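For reference, the structure discussed in these notes is given below.
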Amino acid sequence: MLPIPERIRTLATTACVARLSVDGTPAPAQGGVDELGRPVLLVRPGEPLHGLCDDAVVAVNLTAMRRLGEIEHPRAMIEVQGWAQAVPFEQARAAAVSVSSHCPDEALFDALERYGEPGAPRLLRLDVGQVVYLTGQESGVLDADDYLDAVPDPLAETAERVLAHINDAHRPQLSGGVTRHLGEDAGEVWLWELDRYGATVRTDDSLIRFPWPSPVHTGLCLETALRGLLCAC
């Protein structure tokens with residue numbers, strides 16, 4: 001399994017903003033996560049954060065989901081706690097792109113074109129204090145340095161592409177391979193997680209981990225390792 005800081009950073013890259021609280025009070029939430037793992041928020045006039053000075057205490061709840069067939073399942077819930085600060089002008093466009101990848105909104109153009117005007121939408125991001133996470137059967141707290149210093153899994157994009165293909169087109173082979181590994185009928189099987197250390201499958205309501213003999217370092221090696229699970233003798 002990926003080291004926890006790397007795993008949480010990887011999950012955060014695809015997570016959506018699910019909830020926001022300002023000084024403990026719920027507030028409208030719309031945003032994404034930037035390349036450093038910091039939540040970025042689009043805040044409209046009239047919303048609680050819009051008129052506040054920098055360093056308001058904020059908690060942003062992120063949810064990473066996995067679609068299996070027609071149903072979405074939560075992979076992780078991540079709460080990033082910290083202080084909301086205005087995105088500097090020279091970084092505003094990149095911040096807007098981070099938000100638009102999760103929730104495209106014409107207000108982002110307004111926030112860029114009218115940057116700094118009192119009645120314009122604002123782009124804020126969190127100065128991270130700590131990160132609370134719940135994923136599978138694991139939960140805990142990361143301090144800001146551990147979270148921000150971690151780098152997302154370099155194979156994550158390839159892993160997600162391969163995982164989607166297996167779940168769409170090769171579930172009978174996956175079910176057969178897992179059944180042979182377990183020595184019993186695995187039931188309904190989906191590929192749940194895939195990384196350089198192994199694969200996790202969901203069988204009915206259980207998660208089972210199959211580690212690779214050794215970590216893989218390229219997309220080709222990842223696909224080769226996965227074939228070993230699908231074609232188990």
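By convention in this document, the chains of the structure tokens carry letters A, B, ... by their order, each chain's residues are numbered from 1, and ligands are numbered from 1 in the order they are shown.
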
Excluding A:Leu229 and residues on its chain fewer than 2 positions from it, collect all residues at most 10 Å away from it, counting only C-alpha atoms, and give them as a short mmCIF file (atom, residue, chain, number, x, y, z; two decimals) with N, CA and C atoms, in the first residue's frame.
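Written file, around.cif:
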```cif
data_model
loop_
_atom_site.label_atom_id
_atom_site.label_comp_id
_atom_site.auth_asym_id
_atom_site.auth_seq_id
_atom_site.Cartn_x
_atom_site.Cartn_y
_atom_site.Cartn_z
N GLN A 173 -12.71 -11.94 -16.19
CA GLN A 173 -11.34 -12.39 -15.96
C GLN A 173 -10.87 -12.02 -14.56
N LEU A 174 -11.24 -10.83 -14.10
CA LEU A 174 -10.87 -10.41 -12.74
C LEU A 174 -11.50 -11.33 -11.71
N SER A 175 -12.78 -11.62 -11.88
CA SER A 175 -13.47 -12.50 -10.94
C SER A 175 -12.84 -13.89 -10.92
N GLY A 176 -12.49 -14.39 -12.12
CA GLY A 176 -11.86 -15.71 -12.18
C GLY A 176 -10.51 -15.73 -11.50
N GLY A 177 -9.70 -14.69 -11.74
CA GLY A 177 -8.38 -14.63 -11.11
C GLY A 177 -8.47 -14.53 -9.60
N VAL A 178 -9.37 -13.69 -9.10
CA VAL A 178 -9.52 -13.54 -7.66
C VAL A 178 -10.04 -14.83 -7.04
N ARG A 180 -9.54 -17.87 -8.10
CA ARG A 180 -8.44 -18.84 -8.03
C ARG A 180 -7.46 -18.49 -6.91
N HIS A 181 -7.20 -17.20 -6.70
CA HIS A 181 -6.30 -16.80 -5.61
C HIS A 181 -6.89 -17.16 -4.25
N GLY A 198 0.43 -2.78 -5.31
CA GLY A 198 -0.52 -3.88 -5.41
C GLY A 198 -1.88 -3.41 -5.90
N ALA A 199 -2.84 -4.33 -5.81
CA ALA A 199 -4.21 -4.05 -6.23
C ALA A 199 -5.16 -4.41 -5.09
N PHE A 210 -4.12 -7.44 -2.79
CA PHE A 210 -3.18 -8.37 -3.42
C PHE A 210 -1.89 -7.60 -3.71
N PRO A 211 -0.87 -7.74 -2.86
CA PRO A 211 0.39 -7.01 -3.10
C PRO A 211 1.18 -7.65 -4.23
N TRP A 212 1.92 -6.80 -4.96
CA TRP A 212 2.84 -7.33 -5.97
C TRP A 212 4.06 -7.92 -5.26
N THR A 224 1.53 -5.40 -16.41
CA THR A 224 2.04 -6.78 -16.36
C THR A 224 1.70 -7.43 -15.01
N ALA A 225 1.90 -6.68 -13.93
CA ALA A 225 1.59 -7.21 -12.59
C ALA A 225 0.09 -7.51 -12.48
N LEU A 226 -0.74 -6.65 -13.04
CA LEU A 226 -2.18 -6.86 -12.95
C LEU A 226 -2.60 -8.09 -13.75
N ARG A 227 -1.95 -8.31 -14.88
CA ARG A 227 -2.27 -9.52 -15.67
C ARG A 227 -1.99 -10.77 -14.86
N CYS A 231 -4.85 -13.53 -14.60
CA CYS A 231 -4.59 -14.83 -15.24
C CYS A 231 -4.01 -15.84 -14.27
N ALA A 232 -4.30 -15.69 -13.00
CA ALA A 232 -3.74 -16.60 -11.99
C ALA A 232 -4.09 -18.05 -12.31
N CYS A 233 -3.11 -18.91 -12.17
CA CYS A 233 -3.30 -20.35 -12.42
C CYS A 233 -3.59 -21.06 -11.11
#
```

I'd like the neighbourhood of A:Leu123 as a list of chain:residue names, where a residue qualifies if any of its atoms comes within 10 Å (using only C-alpha atoms), though same-chain residues fewer than 4 positions away should be ignored.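 Those residues are A:Gly31, A:Val40, A:Leu41, A:Leu42, A:Val43, A:Arg44, A:His50, A:Ala84, A:Gln85, A:Ala86, A:Val87, A:Pro88, A:Phe89, A:Gln91, A:Ala92, A:Arg93, A:Ala95, A:Ala96, A:Val99, A:Leu108, A:Ala111, A:Leu112, A:Tyr115, A:Gly116.
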
What's the 10 Å shell around A:Leu134, counting only C-alpha atoms, without same-chain residues fewer than 5 positions away, as an MDAnalysis selection string? chainID A and resid 8 63 75:79 139:141

The selected residues should be written to file as a PDB file, in the first residue's frame (atoms: C-alpha atoms).
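Everything below was put into out39.pdb:
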```pdb
ATOM      1  CA  ILE A   8      -3.942  10.870   0.972  1.00  0.00           C
ATOM      2  CA  THR A  63     -14.694  13.267  -0.827  1.00  0.00           C
ATOM      3  CA  ARG A  75     -13.138   5.893  -1.283  1.00  0.00           C
ATOM      4  CA  ALA A  76     -12.027   8.473   1.256  1.00  0.00           C
ATOM      5  CA  MET A  77     -13.200  11.420   3.295  1.00  0.00           C
ATOM      6  CA  ILE A  78     -10.541  14.053   3.898  1.00  0.00           C
ATOM      7  CA  GLU A  79     -10.948  17.151   6.050  1.00  0.00           C
ATOM      8  CA  SER A 139      -8.101   6.890   9.825  1.00  0.00           C
ATOM      9  CA  GLY A 140      -5.757   9.427  11.304  1.00  0.00           C
ATOM     10  CA  VAL A 141      -4.308  12.918  11.208  1.00  0.00           C
TER      11      VAL A 141
END
```

Proximity check stretch 57-161 of chain A to stretch 193-196 of chain A, 10 Å, nearest pairs one decimal Å, only C-alpha atoms, as a Markdown table:
```
| residue | atom | partner | partner_atom | distance |
| --- | --- | --- | --- | --- |
| A:Arg66 | CA | A:Glu193 | CA | 9.2 |
| A:Arg75 | CA | A:Glu193 | CA | 9.1 |
| A:Asp153 | CA | A:Asp195 | CA | 7.6 |
| A:Pro154 | CA | A:Arg196 | CA | 9.1 |
| A:Leu155 | CA | A:Asp195 | CA | 6.8 |
| A:Ala156 | CA | A:Asp195 | CA | 6.8 |
| A:Glu157 | CA | A:Asp195 | CA | 10.0 |
| A:Thr158 | CA | A:Asp195 | CA | 9.2 |
| A:Ala159 | CA | A:Leu194 | CA | 5.6 |
| A:Glu160 | CA | A:Leu194 | CA | 7.4 |
```

Pull the helix (DSSP H, G or I) assignments for stretch 103-233 of chain A out of DSSP run on the backbone, and list those residues as an MDAnalysis selection string. chainID A and resid 107:113 144:149 156:169 171:182 219:230

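Running DSSP on the backbone and keeping only strand (DSSP E or B), the residues of stretch 15-56 of chain A that qualify are Cys16, Val17, Ala18, Arg19, Leu20, Ser21, Val22, Thr25, Pro26, Ala27, Gly31, Gly32, Val33, Pro39, Val40, Leu41, Leu42, Val43 and Ala56 of chain A.
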
Save the residues we just selected, all heavy atoms, as a tab-separated table (two decimals), in the first residue's frame?
```tsv
chain	number	residue	atom	x	y	z
A	16	CYS	N	-13.52	15.88	-4.60
A	16	CYS	CA	-14.39	17.04	-4.77
A	16	CYS	C	-14.67	17.67	-3.42
A	16	CYS	O	-14.70	16.99	-2.39
A	16	CYS	CB	-15.72	16.64	-5.42
A	16	CYS	SG	-15.55	16.01	-7.10
A	17	VAL	N	-14.87	18.97	-3.42
A	17	VAL	CA	-15.24	19.67	-2.19
A	17	VAL	C	-16.69	19.32	-1.87
A	17	VAL	O	-17.60	19.57	-2.65
A	17	VAL	CB	-15.09	21.19	-2.34
A	17	VAL	CG1	-15.61	21.91	-1.09
A	17	VAL	CG2	-13.62	21.55	-2.57
A	18	ALA	N	-16.90	18.69	-0.71
A	18	ALA	CA	-18.24	18.25	-0.33
A	18	ALA	C	-18.89	19.17	0.69
A	18	ALA	O	-20.11	19.31	0.71
A	18	ALA	CB	-18.16	16.83	0.26
A	19	ARG	N	-18.07	19.80	1.53
A	19	ARG	CA	-18.64	20.62	2.59
A	19	ARG	C	-17.58	21.61	3.06
A	19	ARG	O	-16.37	21.36	2.96
A	19	ARG	CB	-19.10	19.75	3.76
A	19	ARG	CG	-19.91	20.48	4.82
A	19	ARG	CD	-20.42	19.50	5.86
A	19	ARG	NE	-19.32	18.83	6.55
A	19	ARG	CZ	-19.47	17.86	7.45
A	19	ARG	NH1	-20.69	17.43	7.74
A	19	ARG	NH2	-18.44	17.32	8.04
A	20	LEU	N	-18.04	22.74	3.58
A	20	LEU	CA	-17.15	23.80	4.05
A	20	LEU	C	-17.72	24.35	5.34
A	20	LEU	O	-18.93	24.53	5.48
A	20	LEU	CB	-17.06	24.91	2.99
A	20	LEU	CG	-16.40	26.23	3.38
A	20	LEU	CD1	-14.91	26.02	3.61
A	20	LEU	CD2	-16.63	27.27	2.30
A	21	SER	N	-16.85	24.60	6.30
A	21	SER	CA	-17.29	25.30	7.50
A	21	SER	C	-16.32	26.43	7.80
A	21	SER	O	-15.10	26.30	7.62
A	21	SER	CB	-17.39	24.34	8.70
A	21	SER	OG	-16.13	23.78	9.01
A	22	VAL	N	-16.88	27.56	8.23
A	22	VAL	CA	-16.10	28.76	8.54
A	22	VAL	C	-16.27	29.04	10.01
A	22	VAL	O	-17.39	29.30	10.48
A	22	VAL	CB	-16.58	29.96	7.70
A	22	VAL	CG1	-15.73	31.19	8.01
A	22	VAL	CG2	-16.55	29.64	6.22
A	25	THR	N	-19.05	27.09	11.39
A	25	THR	CA	-20.39	27.29	10.84
A	25	THR	C	-20.43	26.83	9.38
A	25	THR	O	-19.58	27.24	8.59
A	25	THR	CB	-20.80	28.77	10.91
A	25	THR	OG1	-20.74	29.19	12.28
A	25	THR	CG2	-22.21	28.97	10.38
A	26	PRO	N	-21.38	25.97	8.98
A	26	PRO	CA	-21.46	25.52	7.57
A	26	PRO	C	-21.61	26.71	6.62
A	26	PRO	O	-22.26	27.71	6.94
A	26	PRO	CB	-22.70	24.63	7.55
A	26	PRO	CG	-22.88	24.19	8.96
A	26	PRO	CD	-22.42	25.34	9.82
A	27	ALA	N	-20.98	26.60	5.45
A	27	ALA	CA	-21.04	27.66	4.44
A	27	ALA	C	-21.11	27.02	3.07
A	27	ALA	O	-20.75	25.84	2.90
A	27	ALA	CB	-19.81	28.55	4.55
A	31	GLY	N	-15.31	24.30	-5.15
A	31	GLY	CA	-13.87	24.43	-5.31
A	31	GLY	C	-13.22	23.16	-5.80
A	31	GLY	O	-13.87	22.24	-6.27
A	32	GLY	N	-11.90	23.14	-5.65
A	32	GLY	CA	-11.09	22.01	-6.09
A	32	GLY	C	-9.83	21.94	-5.25
A	32	GLY	O	-9.76	22.50	-4.16
A	33	VAL	N	-8.82	21.26	-5.78
A	33	VAL	CA	-7.55	21.09	-5.08
A	33	VAL	C	-6.44	21.45	-6.06
A	33	VAL	O	-6.44	20.98	-7.20
A	33	VAL	CB	-7.39	19.64	-4.59
A	33	VAL	CG1	-6.04	19.44	-3.92
A	33	VAL	CG2	-8.51	19.27	-3.64
A	39	PRO	N	-6.79	22.96	-0.85
A	39	PRO	CA	-8.12	23.29	-1.37
A	39	PRO	C	-8.17	24.73	-1.87
A	39	PRO	O	-7.63	25.64	-1.25
A	39	PRO	CB	-9.03	23.10	-0.15
A	39	PRO	CG	-8.30	22.13	0.71
A	39	PRO	CD	-6.84	22.47	0.53
A	40	VAL	N	-8.82	24.92	-3.02
A	40	VAL	CA	-9.03	26.23	-3.62
A	40	VAL	C	-10.54	26.44	-3.72
A	40	VAL	O	-11.26	25.54	-4.18
A	40	VAL	CB	-8.38	26.33	-5.01
A	40	VAL	CG1	-8.60	27.72	-5.60
A	40	VAL	CG2	-6.89	26.02	-4.92
A	41	LEU	N	-11.02	27.60	-3.30
A	41	LEU	CA	-12.46	27.86	-3.20
A	41	LEU	C	-12.86	29.03	-4.08
A	41	LEU	O	-12.15	30.04	-4.16
A	41	LEU	CB	-12.84	28.16	-1.76
A	41	LEU	CG	-12.45	27.10	-0.72
A	41	LEU	CD1	-12.67	27.65	0.68
A	41	LEU	CD2	-13.25	25.83	-0.94
A	42	LEU	N	-13.99	28.88	-4.74
A	42	LEU	CA	-14.65	29.99	-5.43
A	42	LEU	C	-15.71	30.53	-4.49
A	42	LEU	O	-16.65	29.82	-4.12
A	42	LEU	CB	-15.28	29.50	-6.74
A	42	LEU	CG	-16.15	30.53	-7.48
A	42	LEU	CD1	-15.32	31.72	-7.95
A	42	LEU	CD2	-16.85	29.86	-8.67
A	43	VAL	N	-15.56	31.78	-4.08
A	43	VAL	CA	-16.45	32.38	-3.09
A	43	VAL	C	-17.18	33.55	-3.73
A	43	VAL	O	-16.56	34.49	-4.25
A	43	VAL	CB	-15.65	32.85	-1.85
A	43	VAL	CG1	-16.58	33.45	-0.81
A	43	VAL	CG2	-14.86	31.69	-1.26
A	56	ALA	N	-9.20	33.49	8.11
A	56	ALA	CA	-10.38	32.91	8.74
A	56	ALA	C	-10.16	31.41	8.90
A	56	ALA	O	-9.59	30.75	8.02
A	56	ALA	CB	-11.62	33.18	7.89
```

Between A:Ser214, A:Thr13, A:Gln30, A:Gln137, which is the closest to A:Pro104 once you count only C-alpha atoms?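 The shortest atom-to-atom distance to A:Pro104 comes from A:Gln30.
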
Which is closer to A:Ala164 than all the others in A:Val57, A:Ala150, A:Leu191, A:Met65, using only C-alpha atoms?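 For A:Ala164, the nearest of the candidates is A:Leu191.
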
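You will find atom CA of A:Leu52 at 27.0 Å from atom CA of A:Leu142.
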
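Atom CA of A:Leu230 is positioned 14.4 Å from atom CA of A:Ile208.
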
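For the choices A:Ala59, A:Val97, A:Val132, A:Ala120, the atom-to-atom distance to A:Arg9 is smallest for A:Val132 when using only C-alpha atoms.
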
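Note that the spacing between atom CA of A:Pro215 and atom CA of A:Asp145 amounts to 25.4 Å.
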
Determine, counting only C-alpha atoms, which protein, DNA and RNA residues have an atom within 12 Å of an atom of A:Ala144; residues of the same chain fewer than 6 positions away are not included. Present the result as a PDB file with all heavy atoms, in the first residue's frame.
```
ATOM      1  N   PRO A   5       0.858   9.391   3.767  1.00  0.00           N
ATOM      2  CA  PRO A   5       0.856  10.762   3.223  1.00  0.00           C
ATOM      3  C   PRO A   5       0.720  10.786   1.701  1.00  0.00           C
ATOM      4  O   PRO A   5      -0.027  11.605   1.151  1.00  0.00           O
ATOM      5  CB  PRO A   5       2.215  11.314   3.673  1.00  0.00           C
ATOM      6  CG  PRO A   5       2.553  10.531   4.900  1.00  0.00           C
ATOM      7  CD  PRO A   5       2.045   9.152   4.617  1.00  0.00           C
ATOM      8  N   ARG A   9      -2.526  12.334  -0.366  1.00  0.00           N
ATOM      9  CA  ARG A   9      -2.283  13.342  -1.410  1.00  0.00           C
ATOM     10  C   ARG A   9      -2.808  12.873  -2.760  1.00  0.00           C
ATOM     11  O   ARG A   9      -3.364  13.659  -3.538  1.00  0.00           O
ATOM     12  CB  ARG A   9      -0.788  13.657  -1.508  1.00  0.00           C
ATOM     13  CG  ARG A   9      -0.321  14.654  -0.491  1.00  0.00           C
ATOM     14  CD  ARG A   9      -0.714  16.099  -0.848  1.00  0.00           C
ATOM     15  NE  ARG A   9       0.148  16.609  -1.904  1.00  0.00           N
ATOM     16  CZ  ARG A   9      -0.243  16.866  -3.148  1.00  0.00           C
ATOM     17  NH1 ARG A   9      -1.486  16.650  -3.513  1.00  0.00           N
ATOM     18  NH2 ARG A   9       0.595  17.342  -4.041  1.00  0.00           N
ATOM     19  N   LEU A  36      -0.515  21.447  -5.319  1.00  0.00           N
ATOM     20  CA  LEU A  36       0.191  21.197  -4.067  1.00  0.00           C
ATOM     21  C   LEU A  36      -0.700  20.562  -3.002  1.00  0.00           C
ATOM     22  O   LEU A  36      -0.270  20.378  -1.869  1.00  0.00           O
ATOM     23  CB  LEU A  36       0.786  22.507  -3.532  1.00  0.00           C
ATOM     24  CG  LEU A  36       1.832  23.180  -4.423  1.00  0.00           C
ATOM     25  CD1 LEU A  36       2.342  24.464  -3.785  1.00  0.00           C
ATOM     26  CD2 LEU A  36       2.996  22.227  -4.705  1.00  0.00           C
ATOM     27  N   GLY A  37      -1.947  20.243  -3.385  1.00  0.00           N
ATOM     28  CA  GLY A  37      -2.848  19.594  -2.447  1.00  0.00           C
ATOM     29  C   GLY A  37      -3.667  20.535  -1.596  1.00  0.00           C
ATOM     30  O   GLY A  37      -4.377  20.102  -0.691  1.00  0.00           O
ATOM     31  N   ARG A  38      -3.592  21.850  -1.879  1.00  0.00           N
ATOM     32  CA  ARG A  38      -4.340  22.827  -1.084  1.00  0.00           C
ATOM     33  C   ARG A  38      -5.726  23.037  -1.676  1.00  0.00           C
ATOM     34  O   ARG A  38      -5.862  23.264  -2.878  1.00  0.00           O
ATOM     35  CB  ARG A  38      -3.597  24.160  -1.065  1.00  0.00           C
ATOM     36  CG  ARG A  38      -2.201  24.075  -0.479  1.00  0.00           C
ATOM     37  CD  ARG A  38      -1.429  25.354  -0.688  1.00  0.00           C
ATOM     38  NE  ARG A  38      -1.207  25.629  -2.105  1.00  0.00           N
ATOM     39  CZ  ARG A  38      -0.400  26.591  -2.568  1.00  0.00           C
ATOM     40  NH1 ARG A  38       0.229  27.382  -1.717  1.00  0.00           N
ATOM     41  NH2 ARG A  38      -0.254  26.766  -3.862  1.00  0.00           N
ATOM     42  N   VAL A  80      -9.525  18.969   5.377  1.00  0.00           N
ATOM     43  CA  VAL A  80      -8.348  19.833   5.422  1.00  0.00           C
ATOM     44  C   VAL A  80      -8.694  21.044   6.274  1.00  0.00           C
ATOM     45  O   VAL A  80      -9.622  21.790   5.963  1.00  0.00           O
ATOM     46  CB  VAL A  80      -7.922  20.278   4.011  1.00  0.00           C
ATOM     47  CG1 VAL A  80      -6.623  21.081   4.082  1.00  0.00           C
ATOM     48  CG2 VAL A  80      -7.738  19.065   3.096  1.00  0.00           C
ATOM     49  N   GLN A  81      -7.958  21.218   7.353  1.00  0.00           N
ATOM     50  CA  GLN A  81      -8.201  22.318   8.276  1.00  0.00           C
ATOM     51  C   GLN A  81      -7.095  23.351   8.139  1.00  0.00           C
ATOM     52  O   GLN A  81      -5.918  22.995   7.991  1.00  0.00           O
ATOM     53  CB  GLN A  81      -8.249  21.795   9.714  1.00  0.00           C
ATOM     54  CG  GLN A  81      -9.297  20.708   9.938  1.00  0.00           C
ATOM     55  CD  GLN A  81      -9.164  20.037  11.286  1.00  0.00           C
ATOM     56  OE1 GLN A  81      -8.228  20.304  12.034  1.00  0.00           O
ATOM     57  NE2 GLN A  81     -10.098  19.145  11.604  1.00  0.00           N
ATOM     58  N   GLY A  82      -7.473  24.625   8.155  1.00  0.00           N
ATOM     59  CA  GLY A  82      -6.459  25.661   8.021  1.00  0.00           C
ATOM     60  C   GLY A  82      -7.064  27.047   7.994  1.00  0.00           C
ATOM     61  O   GLY A  82      -8.112  27.297   8.585  1.00  0.00           O
ATOM     62  N   TRP A  83      -6.400  27.949   7.260  1.00  0.00           N
ATOM     63  CA  TRP A  83      -6.781  29.351   7.244  1.00  0.00           C
ATOM     64  C   TRP A  83      -6.956  29.805   5.794  1.00  0.00           C
ATOM     65  O   TRP A  83      -6.070  29.591   4.953  1.00  0.00           O
ATOM     66  CB  TRP A  83      -5.706  30.188   7.926  1.00  0.00           C
ATOM     67  CG  TRP A  83      -5.480  29.757   9.336  1.00  0.00           C
ATOM     68  CD1 TRP A  83      -6.093  30.219  10.460  1.00  0.00           C
ATOM     69  CD2 TRP A  83      -4.578  28.722   9.779  1.00  0.00           C
ATOM     70  NE1 TRP A  83      -5.649  29.545  11.569  1.00  0.00           N
ATOM     71  CE2 TRP A  83      -4.715  28.628  11.186  1.00  0.00           C
ATOM     72  CE3 TRP A  83      -3.675  27.874   9.126  1.00  0.00           C
ATOM     73  CZ2 TRP A  83      -3.984  27.713  11.939  1.00  0.00           C
ATOM     74  CZ3 TRP A  83      -2.949  26.970   9.873  1.00  0.00           C
ATOM     75  CH2 TRP A  83      -3.108  26.897  11.270  1.00  0.00           C
ATOM     76  N   LEU A 126      -6.510  27.366   1.029  1.00  0.00           N
ATOM     77  CA  LEU A 126      -6.203  27.099   2.427  1.00  0.00           C
ATOM     78  C   LEU A 126      -4.701  27.053   2.686  1.00  0.00           C
ATOM     79  O   LEU A 126      -3.956  26.378   1.960  1.00  0.00           O
ATOM     80  CB  LEU A 126      -6.815  25.768   2.867  1.00  0.00           C
ATOM     81  CG  LEU A 126      -8.024  25.908   3.801  1.00  0.00           C
ATOM     82  CD1 LEU A 126      -9.156  26.613   3.076  1.00  0.00           C
ATOM     83  CD2 LEU A 126      -8.442  24.565   4.325  1.00  0.00           C
ATOM     84  N   ASP A 127      -4.304  27.772   3.718  1.00  0.00           N
ATOM     85  CA  ASP A 127      -3.007  27.562   4.332  1.00  0.00           C
ATOM     86  C   ASP A 127      -3.205  26.387   5.282  1.00  0.00           C
ATOM     87  O   ASP A 127      -3.842  26.524   6.327  1.00  0.00           O
ATOM     88  CB  ASP A 127      -2.570  28.827   5.072  1.00  0.00           C
ATOM     89  CG  ASP A 127      -1.230  28.663   5.779  1.00  0.00           C
ATOM     90  OD1 ASP A 127      -0.532  27.664   5.516  1.00  0.00           O
ATOM     91  OD2 ASP A 127      -0.895  29.529   6.608  1.00  0.00           O
ATOM     92  N   VAL A 128      -2.703  25.216   4.897  1.00  0.00           N
ATOM     93  CA  VAL A 128      -3.056  23.964   5.567  1.00  0.00           C
ATOM     94  C   VAL A 128      -2.452  23.891   6.964  1.00  0.00           C
ATOM     95  O   VAL A 128      -1.255  24.148   7.157  1.00  0.00           O
ATOM     96  CB  VAL A 128      -2.601  22.752   4.731  1.00  0.00           C
ATOM     97  CG1 VAL A 128      -2.921  21.444   5.453  1.00  0.00           C
ATOM     98  CG2 VAL A 128      -3.252  22.785   3.359  1.00  0.00           C
ATOM     99  N   GLY A 129      -3.293  23.551   7.946  1.00  0.00           N
ATOM    100  CA  GLY A 129      -2.820  23.324   9.305  1.00  0.00           C
ATOM    101  C   GLY A 129      -2.663  21.849   9.608  1.00  0.00           C
ATOM    102  O   GLY A 129      -1.621  21.395  10.066  1.00  0.00           O
ATOM    103  N   GLN A 130      -3.702  21.062   9.314  1.00  0.00           N
ATOM    104  CA  GLN A 130      -3.631  19.615   9.457  1.00  0.00           C
ATOM    105  C   GLN A 130      -4.699  18.983   8.586  1.00  0.00           C
ATOM    106  O   GLN A 130      -5.621  19.651   8.108  1.00  0.00           O
ATOM    107  CB  GLN A 130      -3.790  19.160  10.909  1.00  0.00           C
ATOM    108  CG  GLN A 130      -5.158  19.415  11.508  1.00  0.00           C
ATOM    109  CD  GLN A 130      -5.270  18.853  12.925  1.00  0.00           C
ATOM    110  OE1 GLN A 130      -4.292  18.516  13.572  1.00  0.00           O
ATOM    111  NE2 GLN A 130      -6.496  18.751  13.421  1.00  0.00           N
ATOM    112  N   VAL A 131      -4.562  17.669   8.387  1.00  0.00           N
ATOM    113  CA  VAL A 131      -5.474  16.929   7.522  1.00  0.00           C
ATOM    114  C   VAL A 131      -5.958  15.700   8.271  1.00  0.00           C
ATOM    115  O   VAL A 131      -5.156  14.889   8.752  1.00  0.00           O
ATOM    116  CB  VAL A 131      -4.776  16.507   6.207  1.00  0.00           C
ATOM    117  CG1 VAL A 131      -5.714  15.674   5.340  1.00  0.00           C
ATOM    118  CG2 VAL A 131      -4.286  17.734   5.449  1.00  0.00           C
ATOM    119  N   VAL A 132      -7.268  15.573   8.391  1.00  0.00           N
ATOM    120  CA  VAL A 132      -7.891  14.408   9.016  1.00  0.00           C
ATOM    121  C   VAL A 132      -8.441  13.526   7.903  1.00  0.00           C
ATOM    122  O   VAL A 132      -9.093  14.023   6.983  1.00  0.00           O
ATOM    123  CB  VAL A 132      -9.032  14.831   9.968  1.00  0.00           C
ATOM    124  CG1 VAL A 132      -9.643  13.610  10.652  1.00  0.00           C
ATOM    125  CG2 VAL A 132      -8.526  15.835  10.992  1.00  0.00           C
ATOM    126  N   ALA A 150       4.366  15.383   0.710  1.00  0.00           N
ATOM    127  CA  ALA A 150       4.111  14.142  -0.032  1.00  0.00           C
ATOM    128  C   ALA A 150       3.814  14.468  -1.495  1.00  0.00           C
ATOM    129  O   ALA A 150       3.246  15.511  -1.817  1.00  0.00           O
ATOM    130  CB  ALA A 150       2.951  13.382   0.585  1.00  0.00           C
TER     131      ALA A 150
END
```

Nearest-residue call for A:Thr179, choices A:Gly69, A:Val201, A:Glu223, A:Asp143, using only C-alpha atoms: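 Among the listed residues, A:Val201 lies closest to A:Thr179.
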